[in-house]
>>> print(open('protein-v4.pdb').read())   # PDB, C-alpha atoms
ATOM      1  CA  ASP A  28     -41.418  32.765   5.170
ATOM      2  CA  LYS A  29     -41.484  30.271   2.297
ATOM      3  CA  GLN A  30     -38.298  31.766   0.850
ATOM      4  CA  LEU A  31     -36.262  30.934   3.964
ATOM      5  CA  PRO A  32     -36.288  27.096   3.566
ATOM      6  CA  VAL A  33     -35.470  27.463  -0.155
ATOM      7  CA  GLN A  34     -32.550  29.770   0.636
ATOM      8  CA  GLN A  35     -31.337  27.378   3.340
ATOM      9  CA  LYS A  36     -31.416  24.508   0.855
ATOM     10  CA  LYS A  37     -29.504  26.588  -1.699
ATOM     11  CA  MET A  38     -26.918  27.502   0.930
ATOM     12  CA  ALA A  39     -26.556  23.854   1.956
ATOM     13  CA  VAL A  40     -25.964  22.872  -1.691
ATOM     14  CA  LEU A  41     -23.417  25.684  -2.164
ATOM     15  CA  ASN A  42     -21.609  24.723   1.052
ATOM     16  CA  LYS A  43     -21.452  21.106  -0.048
ATOM     17  CA  GLN A  44     -20.108  22.108  -3.475
ATOM     18  CA  LEU A  45     -17.536  24.346  -1.834
ATOM     19  CA  SER A  46     -16.502  21.562   0.543
ATOM     20  CA  LEU A  47     -16.124  19.126  -2.349
ATOM     21  CA  LYS A  48     -14.075  21.670  -4.287
ATOM     22  CA  GLN A  49     -11.834  22.287  -1.247
ATOM     23  CA  ALA A  50     -11.456  18.536  -0.714
ATOM     24  CA  GLY A  51     -10.476  18.172  -4.367
ATOM     25  CA  ARG A  52      -7.864  20.919  -4.058
ATOM     26  CA  LEU A  53      -6.484  19.338  -0.902
ATOM     27  CA  ALA A  54      -6.280  15.918  -2.552
ATOM     28  CA  ALA A  55      -4.590  17.427  -5.597
ATOM     29  CA  SER A  56      -2.035  19.252  -3.453
ATOM     30  CA  GLN A  57      -1.326  16.105  -1.466
ATOM     31  CA  ALA A  58      -0.955  14.093  -4.668
ATOM     32  CA  THR A  59       1.529  16.670  -5.952
ATOM     33  CA  VAL A  60       3.544  16.369  -2.747
ATOM     34  CA  ALA A  61       3.468  12.571  -2.950
ATOM     35  CA  VAL A  62       4.620  12.601  -6.569
ATOM     36  CA  ALA A  63       7.400  15.074  -5.816
ATOM     37  CA  ARG A  64       8.796  12.818  -3.079
ATOM     38  CA  PRO A  65      11.135  10.252  -4.688
ATOM     39  CA  MET A  66      10.424   6.636  -3.839
ATOM     40  CA  ILE A  67      13.100   4.058  -4.469
ATOM     41  CA  GLY A  68      11.569   1.164  -6.327
ATOM     42  CA  TYR A  69       8.292   2.838  -7.213
ATOM     43  CA  SER A  70       6.957   2.290 -10.711
ATOM     44  CA  GLY A  71       8.387  -1.164 -11.097
ATOM     45  CA  ASN A  72      12.030  -0.569 -10.188
ATOM     46  CA  CYS A  73      12.146  -3.653  -8.011
ATOM     47  CA  ASN A  74      15.864  -4.122  -8.557
ATOM     48  CA  ALA A  75      16.414  -1.312  -6.066
ATOM     49  CA  TYR A  76      15.310  -3.844  -3.431
ATOM     50  CA  ARG A  77      17.211  -6.899  -4.672
ATOM     51  CA  GLY A  78      20.025  -6.516  -2.119
ATOM     52  CA  LEU A  79      17.510  -6.269   0.698
ATOM     53  CA  VAL A  80      15.585  -9.341  -0.496
ATOM     54  CA  ALA A  81      18.779 -11.338  -1.078
ATOM     55  CA  GLN A  82      19.705 -11.097   2.624
ATOM     56  CA  TYR A  83      17.188 -13.817   3.436
ATOM     57  CA  ALA A  84      17.209 -17.576   2.861
ATOM     58  CA  TRP A  85      14.520 -17.776   0.198
ATOM     59  CA  ASN A  86      14.577 -17.762  -3.580
ATOM     60  CA  ALA A  87      15.299 -14.073  -4.219
ATOM     61  CA  ASP A  88      13.985 -14.253  -7.792
ATOM     62  CA  VAL A  89      10.648 -15.597  -6.591
ATOM     63  CA  ALA A  90      10.539 -13.007  -3.786
ATOM     64  CA  MET A  91      11.208 -10.229  -6.299
ATOM     65  CA  ALA A  92       8.502 -11.536  -8.631
ATOM     66  CA  VAL A  93       5.989 -11.799  -5.774
ATOM     67  CA  MET A  94       6.903  -8.250  -4.716
ATOM     68  CA  GLN A  95       6.353  -6.949  -8.236
ATOM     69  CA  ALA A  96       3.019  -8.749  -8.539
ATOM     70  CA  GLU A  97       1.863  -7.685  -5.066
ATOM     71  CA  SER A  98       2.752  -3.995  -4.937
ATOM     72  CA  GLY A  99       4.442  -2.987  -8.170
ATOM     73  CA  CYS A 100       7.377  -2.308  -5.829
ATOM     74  CA  ASN A 101       5.595   0.600  -4.182
ATOM     75  CA  PRO A 102       6.764   0.600  -0.547
ATOM     76  CA  THR A 103       3.649   2.460   0.591
ATOM     77  CA  ALA A 104       1.106   0.397  -1.326
ATOM     78  CA  SER A 105      -1.976  -0.619   0.605
ATOM     79  CA  SER A 106      -4.989  -2.663  -0.397
ATOM     80  CA  PRO A 107      -8.656  -2.752   0.513
ATOM     81  CA  THR A 108      -7.933  -6.095   2.212
ATOM     82  CA  HIS A 109      -5.515  -4.403   4.668
ATOM     83  CA  ASP A 110      -2.236  -5.458   3.041
ATOM     84  CA  HIS A 111       0.694  -3.046   3.197
ATOM     85  CA  GLY A 112       4.054  -2.283   1.639
ATOM     86  CA  LEU A 113       6.295  -4.008  -0.853
ATOM     87  CA  MET A 114       5.225  -7.550  -0.053
ATOM     88  CA  GLN A 115       1.643  -6.586   0.896
ATOM     89  CA  ILE A 116       1.812  -7.839   4.469
ATOM     90  CA  ASN A 117      -1.656  -8.340   5.911
ATOM     91  CA  GLU A 118      -2.607  -6.670   9.174
ATOM     92  CA  VAL A 119      -3.042 -10.087  10.800
ATOM     93  CA  HIS A 120       0.758  -9.929  11.166
ATOM     94  CA  LEU A 121       0.832  -6.589  13.035
ATOM     95  CA  ALA A 122       2.177  -8.228  16.190
ATOM     96  CA  LYS A 123       5.447  -8.656  14.265
ATOM     97  CA  VAL A 124       5.755  -4.851  14.171
ATOM     98  CA  ASN A 125       4.390  -4.038  17.640
ATOM     99  CA  TYR A 126       1.005  -3.164  16.077
ATOM    100  CA  HIS A 127       2.452  -0.183  14.187
ATOM    101  CA  VAL A 128       0.879  -0.539  10.756
ATOM    102  CA  GLU A 129       2.979   2.323   9.357
ATOM    103  CA  ALA A 130       6.107   0.238  10.020
ATOM    104  CA  LEU A 131       5.024  -2.008   7.144
ATOM    105  CA  ASN A 132       5.752   0.884   4.755
ATOM    106  CA  ASP A 133       9.432   0.688   5.608
ATOM    107  CA  PRO A 134      11.058  -1.579   2.980
ATOM    108  CA  GLU A 135      13.486  -3.252   5.414
ATOM    109  CA  THR A 136      10.742  -3.975   7.937
ATOM    110  CA  ASN A 137       8.320  -5.149   5.263
ATOM    111  CA  VAL A 138      10.785  -7.598   3.734
ATOM    112  CA  ARG A 139      11.810  -8.863   7.186
ATOM    113  CA  VAL A 140       8.187  -9.526   8.113
ATOM    114  CA  ALA A 141       7.597 -11.095   4.697
ATOM    115  CA  PHE A 142      10.447 -13.498   5.381
ATOM    116  CA  GLU A 143       8.932 -14.347   8.774
ATOM    117  CA  VAL A 144       5.610 -15.059   7.057
ATOM    118  CA  TYR A 145       7.385 -17.081   4.365
ATOM    119  CA  SER A 146       9.260 -19.063   7.041
ATOM    120  CA  GLY A 147       5.976 -20.126   8.566
ATOM    121  CA  ALA A 148       3.725 -20.565   5.536
ATOM    122  CA  GLY A 149       5.945 -20.607   2.464
ATOM    123  CA  TRP A 150       4.945 -18.784  -0.682
ATOM    124  CA  ARG A 151       1.312 -19.885  -0.376
ATOM    125  CA  ALA A 152       0.798 -16.944   2.001
ATOM    126  CA  TRP A 153       0.692 -14.695  -1.097
ATOM    127  CA  SER A 154      -2.241 -14.961  -3.468
ATOM    128  CA  THR A 155      -0.101 -13.783  -6.391
ATOM    129  CA  TYR A 156       1.999 -16.886  -5.864
ATOM    130  CA  THR A 157      -0.890 -19.319  -5.499
ATOM    131  CA  ASN A 158      -2.706 -17.899  -8.526
ATOM    132  CA  GLY A 159       0.492 -17.755 -10.584
ATOM    133  CA  ALA A 160       0.418 -13.981 -11.214
ATOM    134  CA  TYR A 161       4.005 -13.646  -9.970
ATOM    135  CA  GLN A 162       5.330 -15.810 -12.841
ATOM    136  CA  ARG A 163       5.098 -13.013 -15.395
ATOM    137  CA  PHE A 164       7.812 -11.181 -13.445
ATOM    138  CA  LEU A 165      10.346 -14.049 -13.378
TER     139      LEU A 165
END
>>> encode(input="protein-v4.pdb", output="structure tokens")
Amino acid sequence: DKQLPVQQKKMAVLNKQLSLKQAGRLAASQATVAVARPMIGYSGNCNAYRGLVAQYAWNADVAMAVMQAESGCNPTASSPTHDHGLMQINEVHLAKVNYHVEALNDPETNVRVAFEVYSGAGWRAWSTYTNGAYQRFL
């Protein structure tokens, strides 16, 4: 009788360990898939996006520097403060993409929305501009 609760506890611990191990394997396999998928501009290759950024009436060099400071030019970057994509567009702007947050991972859409934000608020909409972090990428 007393052995049953002990065995149940042991089984619960083993199941939890197994679940954690399976979760780790799943995460590792997903990370491998993500790494295998080429991403234009990832790992600091912002110049891949220069033509896209230059289509808009803003200082392209500043936009590129803000992009580098915000996301490292990772088009699928997201932050704990709900910012997404190259220019780290905050979810408060989701109406600009019909409330489809995943649309902000598309470089063309992200830069377009960034320009809309810039048109309304200027560069002060980005903390990396207001705190000067973007300047190291000029």
>>> atom_distance(input="protein-v4.pdb", atom1="CA of Ala81 in chain A", atom2="CA of Ser105 in chain A")
23.4 Å
>>> residues_around(input="protein-v4.pdb", residues="Leu165 in chain A", least_positions_apart="5", cutoff="7 Å", atoms="all atoms listed in the file", output="list in words")
Asp88, Val89 and Ala92 of chain A
>>> closest_residue(input="protein-v4.pdb", among="A:Asn72, A:Val119, A:Trp85, A:Leu131", to="Gly99 in chain A", atoms="only C-alpha atoms")
A:Asn72
>>> residues_around(input="protein-v4.pdb", residues="Ser98 in chain A", least_positions_apart="5", cutoff="12 Å", atoms="only C-alpha atoms", output="number ranges by chain")
A: 68-73, 90-93, 103-106, 110-116, 132, 134, 137, 153, 155, 161
>>> atom_distance(input="protein-v4.pdb", atom1="CA of Gln162 in chain A", atom2="CA of Met94 in chain A")
11.2 Å
>>> atom_distance(input="protein-v4.pdb", atom1="CA of Asn158 in chain A", atom2="CA of Asn101 in chain A")
20.7 Å
>>> resolve_selection(input="protein-v4.pdb", expression="the PyMOL selection byres ((chain A and resi 120-123) around 10)", output="count of residues only")
19
>>> residues_around(input="protein-v4.pdb", residues="Gln82 in chain A", least_positions_apart="4", cutoff="12 Å", atoms="all atoms listed in the file", output="PyMOL selection string")
chain A and resi 76-78+86-87+90+135+138-139+142
